[in-house]
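Engineer: What follows is structure-v1.cif; its format and atoms are mmCIF, C-alpha atoms.
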data_protein
loop_
_atom_site.label_atom_id
_atom_site.label_comp_id
_atom_site.auth_asym_id
_atom_site.auth_seq_id
_atom_site.Cartn_x
_atom_site.Cartn_y
_atom_site.Cartn_z
CA MET A 23 106.43 -0.72 -104.19
CA VAL A 24 108.47 -0.20 -101.17
CA LEU A 25 106.84 1.72 -98.29
CA SER A 26 108.82 4.01 -96.24
CA ARG A 27 109.29 3.56 -92.58
CA ARG A 28 107.04 6.44 -91.72
CA GLN A 29 104.26 5.07 -93.83
CA MET A 30 104.63 1.71 -92.22
CA LEU A 31 104.35 3.28 -88.79
CA LYS A 32 101.24 5.16 -89.84
CA ALA A 33 99.81 1.98 -91.31
CA LEU A 34 100.50 0.16 -88.06
CA GLN A 35 98.94 2.98 -86.06
CA LEU A 36 95.95 3.03 -88.37
CA ARG A 37 95.59 -0.72 -88.02
CA SER A 38 95.74 -0.51 -84.25
CA VAL A 39 93.15 2.26 -84.34
CA VAL A 40 90.93 0.15 -86.58
CA GLN A 41 91.31 -2.77 -84.20
CA LYS A 42 90.43 -0.53 -81.29
CA VAL A 43 87.43 0.79 -83.19
CA GLU A 44 86.32 -2.74 -83.95
CA VAL A 45 86.73 -3.70 -80.30
CA GLU A 46 84.80 -0.62 -79.24
CA ALA A 47 82.19 -1.39 -81.89
CA GLU A 48 81.85 -4.90 -80.52
CA LYS A 49 81.56 -3.49 -77.02
CA LEU A 50 79.03 -0.96 -78.26
CA GLY A 51 77.04 -3.74 -79.95
CA ALA A 52 77.10 -5.77 -76.77
CA LEU A 53 76.04 -2.69 -74.82
CA VAL A 54 73.24 -2.04 -77.30
CA GLU A 55 72.09 -5.63 -77.00
CA GLU A 56 72.23 -5.36 -73.23
CA LEU A 57 70.31 -2.10 -73.37
CA GLN A 58 67.73 -3.70 -75.64
CA THR A 59 67.44 -6.64 -73.26
CA ARG A 60 67.10 -4.31 -70.28
CA GLY A 61 64.63 -2.15 -72.22
CA SER A 62 62.45 -5.14 -73.01
CA GLN A 63 62.72 -6.31 -69.41
CA LEU A 64 61.91 -2.79 -68.25
CA ALA A 65 58.92 -2.69 -70.59
CA GLU A 66 57.80 -6.04 -69.20
CA ASP A 67 58.30 -4.74 -65.66
CA VAL A 68 56.34 -1.59 -66.52
CA THR A 69 53.54 -3.74 -67.91
CA LYS A 70 53.53 -5.86 -64.78
CA PHE A 71 53.66 -2.73 -62.64
CA ASP A 72 50.72 -1.26 -64.54
CA ALA A 73 48.76 -4.47 -64.06
CA HIS A 74 49.71 -4.51 -60.37
CA MET A 75 48.70 -0.87 -60.02
CA ASP A 76 45.38 -1.64 -61.70
CA ARG A 77 44.77 -4.49 -59.29
CA THR A 78 45.88 -2.31 -56.38
CA ASP A 79 43.56 0.48 -57.52
CA SER A 80 40.71 -2.00 -57.75
CA ARG A 81 41.40 -3.32 -54.26
CA ILE A 82 41.77 0.21 -52.89
CA ASN A 83 38.54 1.30 -54.55
CA ALA A 84 36.78 -1.79 -53.20
CA ARG A 85 38.13 -1.15 -49.71
CA VAL A 86 37.19 2.53 -49.92
CA ALA A 87 33.67 1.57 -51.01
CA ALA A 88 33.45 -1.00 -48.20
CA PHE A 89 34.76 1.58 -45.73
CA LYS A 90 32.17 4.08 -46.93
CA ARG A 91 29.40 1.51 -46.59
CA THR A 92 30.64 0.50 -43.14
CA SER A 93 30.96 4.13 -42.08
CA ALA A 94 27.47 4.91 -43.34
CA ARG A 95 26.07 1.86 -41.55
CA LEU A 96 27.89 2.74 -38.33
CA ILE A 97 26.69 6.34 -38.55
CA ASP A 98 23.12 5.16 -39.11
CA ASP A 99 23.42 2.70 -36.23
CA GLU A 100 24.85 5.38 -33.95
CA GLN A 101 22.14 7.83 -34.94
CA THR A 102 19.46 5.19 -34.37
CA ALA A 103 21.03 4.23 -31.04
CA PHE A 104 21.25 7.89 -30.04
CA VAL A 105 17.61 8.48 -30.97
CA ASP A 106 16.55 5.34 -29.07
CA MET A 107 18.67 6.34 -26.08
CA ARG A 108 17.22 9.84 -26.14
CA GLN A 109 13.67 8.51 -26.34
CA ALA A 110 14.39 6.05 -23.52
CA TRP A 111 15.93 8.84 -21.44
CA GLU A 112 12.95 11.10 -22.09
CA ALA A 113 10.58 8.25 -21.16
CA ARG A 114 12.52 7.54 -17.97
CA TRP A 115 12.62 11.23 -17.15
CA ALA A 116 8.86 11.52 -17.66
CA GLU A 117 8.33 8.39 -15.57
CA THR A 118 10.60 9.71 -12.82
CA HIS A 119 8.83 13.07 -12.91
CA ASN A 120 5.42 11.42 -12.69
CA THR A 121 6.58 9.15 -9.88
CA PHE A 122 8.06 12.08 -7.96
CA THR A 123 4.89 14.11 -8.54
CA HIS A 124 2.71 11.25 -7.30
CA HIS A 125 5.04 10.81 -4.34
CA LEU A 126 4.68 14.47 -3.42
CA GLN A 127 0.92 14.37 -3.98
CA TYR A 128 0.30 11.34 -1.77
CA ARG A 129 3.07 11.86 0.77
CA ALA A 130 1.14 14.63 2.54
CA PRO A 131 -2.04 12.50 2.97
CA ALA A 132 0.10 9.63 4.24
CA LEU A 133 1.73 11.91 6.82
CA LEU A 134 -1.68 13.37 7.71
CA TRP A 135 -3.21 9.94 8.27
CA ASN A 136 -0.16 8.86 10.23
CA THR A 137 -0.52 11.91 12.49
CA LYS A 138 -4.26 11.36 12.88
CA GLY A 139 -3.67 7.68 13.61
CA GLN A 140 -1.21 8.57 16.37
CA GLU A 141 -3.66 11.10 17.82
CA HIS A 142 -6.49 8.54 17.78
CA ARG A 143 -4.17 5.99 19.39
CA LYS A 144 -3.36 8.42 22.19
CA ALA A 145 -7.05 9.29 22.61
CA SER A 146 -7.98 5.60 22.74
CA ARG A 147 -5.33 4.98 25.41
CA ARG A 148 -6.62 7.92 27.44
CA ALA A 149 -10.20 6.67 27.11
CA PHE A 150 -9.16 3.15 28.12
CA ILE A 151 -7.30 4.50 31.16
CA ALA A 152 -10.37 6.57 32.09
CA PHE A 153 -12.56 3.48 31.65
CA LEU A 154 -10.30 1.48 33.95
CA ALA A 155 -10.25 4.33 36.47
CA VAL A 156 -14.07 4.54 36.52
CA LEU A 157 -14.28 0.74 36.76
CA VAL A 158 -11.89 0.68 39.73
CA LEU A 159 -13.77 3.58 41.31
CA THR A 160 -17.07 1.73 40.86
CA VAL A 161 -15.70 -1.46 42.40
CA VAL A 162 -14.13 0.44 45.31
CA ALA A 163 -17.32 2.45 45.88
CA ALA A 164 -19.44 -0.71 45.82
CA ALA A 165 -17.09 -2.40 48.30
CA LEU A 166 -17.14 0.63 50.59
CA VAL A 167 -20.94 0.81 50.48
CA VAL A 168 -21.28 -2.89 51.25
CA PHE A 169 -18.62 -3.26 53.93
CA CYS A 170 -18.49 0.21 55.50
CA PHE A 171 -21.93 1.73 55.00
CA GLY A 172 -24.07 -1.41 54.76
CA ASP A 173 -25.39 -1.09 58.29
CA PHE A 174 -26.12 2.58 57.78
CA VAL A 175 -28.10 1.85 54.62
CA ALA A 176 -30.00 -0.96 56.34
CA GLU A 177 -30.81 1.21 59.36
CA SER A 178 -31.97 4.06 57.15
CA PHE A 179 -35.15 2.12 56.26
CA SER A 180 -36.45 2.29 59.84
CA THR A 181 -36.64 4.90 62.53
CA ILE A 182 -37.65 4.91 66.21
CA ARG A 183 -40.56 7.12 67.10
CA CYS A 184 -41.54 7.80 70.74
CA ASP A 185 -44.88 9.16 71.97
CA PRO A 186 -44.18 11.96 74.47
CA ASP A 187 -47.49 11.45 76.23
CA THR A 188 -47.27 7.74 76.80
CA GLY A 189 -43.49 7.38 76.51
CA ILE A 190 -43.87 4.35 74.27
CA CYS A 191 -41.32 3.99 71.40
CA GLU A 192 -41.87 1.95 68.29
CA THR A 193 -39.98 1.20 65.07
CA ALA A 194 -41.50 2.83 61.98
CA PHE A 195 -40.71 2.88 58.27
CA SER A 196 -38.41 5.71 57.14
CA PHE A 197 -38.28 7.25 53.67
CA LYS A 198 -34.61 7.91 54.23
CA GLY A 199 -33.84 4.34 53.17
CA PRO A 200 -35.40 4.52 49.68
CA VAL A 201 -33.88 7.94 49.16
CA THR A 202 -30.46 6.61 50.18
CA VAL A 203 -30.80 3.57 47.94
CA GLY A 204 -32.03 5.80 45.13
CA GLY A 205 -29.01 8.04 45.55
CA LEU A 206 -26.70 5.04 45.52
CA LEU A 207 -28.41 3.69 42.40
CA LEU A 208 -28.12 7.11 40.77
CA VAL A 209 -24.41 7.26 41.54
CA ALA A 210 -23.98 3.67 40.33
CA SER A 211 -25.88 4.39 37.12
CA MET A 212 -23.76 7.49 36.55
CA LEU A 213 -20.61 5.43 37.01
CA ILE A 214 -21.94 2.74 34.67
CA TRP A 215 -22.88 5.42 32.13
CA ALA A 216 -19.36 6.88 32.43
CA MET A 217 -17.86 3.43 31.83
CA ARG A 218 -20.05 2.92 28.76
CA PHE A 219 -19.17 6.40 27.52
CA PHE A 220 -15.43 5.86 27.87
CA SER A 221 -15.71 2.38 26.35
CA LYS A 222 -17.49 3.86 23.31
CA ILE A 223 -14.84 6.56 23.04
CA TYR A 224 -12.13 3.89 23.28
CA LEU A 225 -13.75 1.78 20.55
CA SER A 226 -14.37 4.84 18.36
CA GLU A 227 -10.81 6.12 18.64
CA ARG A 228 -9.42 2.63 18.07
CA HIS A 229 -11.61 2.22 15.00
CA LEU A 230 -10.48 5.59 13.63
CA ALA A 231 -6.83 4.78 14.36
CA LEU A 232 -7.12 1.49 12.47
CA GLY A 233 -8.79 3.34 9.58
CA CYS A 234 -5.95 5.88 9.44
CA GLU A 235 -3.34 3.13 9.52
CA GLU A 236 -5.15 1.28 6.74
CA ARG A 237 -5.23 4.42 4.60
CA LYS A 238 -1.57 5.09 5.28
CA ALA A 239 -0.64 1.52 4.31
CA PHE A 240 -2.88 1.75 1.25
CA THR A 241 -1.24 5.04 0.20
CA GLU A 242 2.27 3.63 0.62
CA ALA A 243 1.27 0.52 -1.32
CA TYR A 244 -0.19 2.74 -4.05
CA LEU A 245 3.06 4.73 -4.23
CA ALA A 246 4.98 1.47 -4.60
CA LEU A 247 2.64 0.39 -7.39
CA VAL A 248 3.07 3.77 -9.10
CA MET A 249 6.85 3.34 -9.00
CA ASP A 250 6.43 -0.06 -10.68
CA ASN A 251 3.94 1.34 -13.23
CA SER A 252 1.36 -1.19 -12.04
CA VAL A 253 -1.51 1.31 -11.82
CA SER A 254 -3.08 2.74 -14.96
CA ARG A 255 -4.89 6.03 -15.32
CA GLU A 256 -8.24 4.22 -15.41
CA GLN A 257 -7.52 2.49 -12.12
CA GLU A 258 -6.22 5.67 -10.50
CA ALA A 259 -9.77 7.07 -10.14
CA ILE A 260 -10.80 3.99 -8.14
CA VAL A 261 -7.72 4.32 -5.95
CA LEU A 262 -8.33 8.03 -5.35
CA ALA A 263 -11.99 7.44 -4.51
CA THR A 264 -10.93 4.85 -1.95
CA LEU A 265 -8.18 7.00 -0.50
CA PHE A 266 -10.14 10.22 -0.17
CA ARG A 267 -13.47 8.90 1.03
CA PRO A 268 -15.04 10.95 3.87
CA SER A 269 -13.70 9.98 7.27
CA GLN A 270 -16.00 9.84 10.29
CA ASP A 271 -15.08 11.20 13.66
CA GLY A 272 -16.67 11.24 17.08
CA VAL A 273 -18.34 8.61 19.22
CA ILE A 274 -19.88 5.52 17.66
CA ARG A 275 -23.65 5.65 17.92
CA ASP A 276 -25.44 2.85 19.74
CA GLU A 277 -27.35 0.49 17.52
CA ASP A 278 -30.19 0.09 20.07
CA PRO A 279 -30.13 2.94 22.62
CA SER A 280 -33.46 1.79 24.11
CA MET A 281 -31.61 -1.01 25.90
CA ASP A 282 -29.81 1.49 28.17
CA ILE A 283 -31.66 1.35 31.51
CA SER A 284 -29.28 3.52 33.51
CA ALA A 285 -30.69 6.49 35.37
CA ALA A 286 -28.56 8.90 33.37
CA ALA A 287 -29.88 7.48 30.08
CA ILE A 288 -33.48 7.58 31.30
CA LEU A 289 -33.02 11.18 32.46
CA ALA A 290 -31.44 12.12 29.11
CA LYS A 291 -34.35 10.52 27.21
CA ALA A 292 -36.87 12.34 29.39
CA MET A 293 -35.15 15.68 28.79
CA ALA A 294 -34.86 15.04 25.04
CA GLY A 295 -38.57 14.31 24.70
CA PRO A 296 -40.27 12.06 22.14
CA ARG A 297 -38.61 11.68 18.76
CA SER A 298 -40.48 12.75 15.69
#
Would you kindly transcribe this structure into structure tokens?

Structural biologist:
Amino acid sequence: MVLSRRQMLKALQLRSVVQKVEVEAEKLGALVEELQTRGSQLAEDVTKFDAHMDRTDSRINARVAAFKRTSARLIDDEQTAFVDMRQAWEARWAETHNTFTHHLQYRAPALLWNTKGQEHRKASRRAFIAFLAVLVLTVVAAALVVFCFGDFVAESFSTIRCDPDTGICETAFSFKGPVTVGGLLLVASMLIWAMRFFSKIYLSERHLALGCEERKAFTEAYLALVMDNSVSREQEAIVLATLFRPSQDGVIRDEDPSMDISAAAILAKAMAGPRS
């Protein structure tokens, strides 16, 4: 059987098409194999990614839980610290308020005792100056009596009396001498009494000034102890009783006034009369 030329051309074309189809089929098979390989690799990668995501989720959940625990602990610590700080601030405020109140309460007595101490100091200086003045006056008066009026005092004990009938003069005792000596003794006793009086005033004012200074120092020391919280409420009553005890004023009384033998003291005793 002889094929025509056209049939041969068609057969050749068909053969070339078949060859191309086979080549494309081979390529398609290779592509399918490659796709299968990539699919299996992709499935393996997806499995690994899922496992990695599970591990990542576990780590994230663990970190979130740890963060929550840390946050809760920090919040509790901050709240506790804030409460402690508030309580400490309230305690310090109360302590400062109490200290300031005590300072105001005891500052006025301290100033009062300081003022009284200064007044007593001035009074003691004035009394001491008066004592020195009376002492100098007594010494000067005694010197004047001895050196200037000694002869006059000595001559006052005698007087010259003359008889007009006989014309005879004689020396006789005169009462002017005892009166003069008595007057001098009275003046001397008054000066001595004045010296004793001013000395007692000086000692009294000095004693009161020292007492005021002691109370002032005691008050300032008490304020310092209050600032250091060294004085309790139980001890405060003792401190207050010591601070606000009655203070004495005036002249110190003699322990044994019977020993005063001056004329002024004897006259004062006579005018006062017997004691009951």

Engineer: Which distance in Å separates atom CA of A:Phe219 and atom CA of A:Ala165, to one decimal?

Structural biologist: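 Between atom CA of A:Phe219 and atom CA of A:Ala165 the gap works out to 22.7 Å.
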
Engineer: Using atom CA of A:Phe89 and atom CA of A:Asp72 as the two end points, give the distance in Å to one decimal.

Structural biologist: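 These two atoms are separated by 24.8 Å.
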
Engineer: To one decimal place in Å, what is the distance between atom CA of A:Thr69 and atom CA of A:Val86?

Structural biologist: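 Between atom CA of A:Thr69 and atom CA of A:Val86 the gap is 25.1 Å.
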
Engineer: Taking 3 positions as the minimum chain separation for residues in the same chain, which residues sit within 10 Å of A:Leu206 when counting only C-alpha atoms? Answer as a ChimeraX atom specification.

Structural biologist: /A:163-164,167,175,200-203,209-212

Engineer: I'd like the contact shell of A:Leu154 - 10 Å cut-off, only C-alpha atoms, skipping same-chain residues fewer than 6 positions apart - returned as a short mmCIF file (atom, residue, chain, number, x, y, z; two decimals) with C-alpha atoms, in the frame of the given file.

Structural biologist:
data_model
loop_
_atom_site.label_atom_id
_atom_site.label_comp_id
_atom_site.auth_asym_id
_atom_site.auth_seq_id
_atom_site.Cartn_x
_atom_site.Cartn_y
_atom_site.Cartn_z
CA ARG A 148 -6.62 7.92 27.44
CA THR A 160 -17.07 1.73 40.86
CA MET A 217 -17.86 3.43 31.83
CA PHE A 220 -15.43 5.86 27.87
CA SER A 221 -15.71 2.38 26.35
#

Engineer: Stretch 142-153 of chain A, all listed atoms, 3 Å padding on each side: what axis-aligned box centre and edge lengths in Å to one decimal come out, as AutoDock Vina command-line options?

Structural biologist:
--center_x -8.0 --center_y 6.2 --center_z 24.9 --size_x 15.2 --size_y 12.1 --size_z 20.3
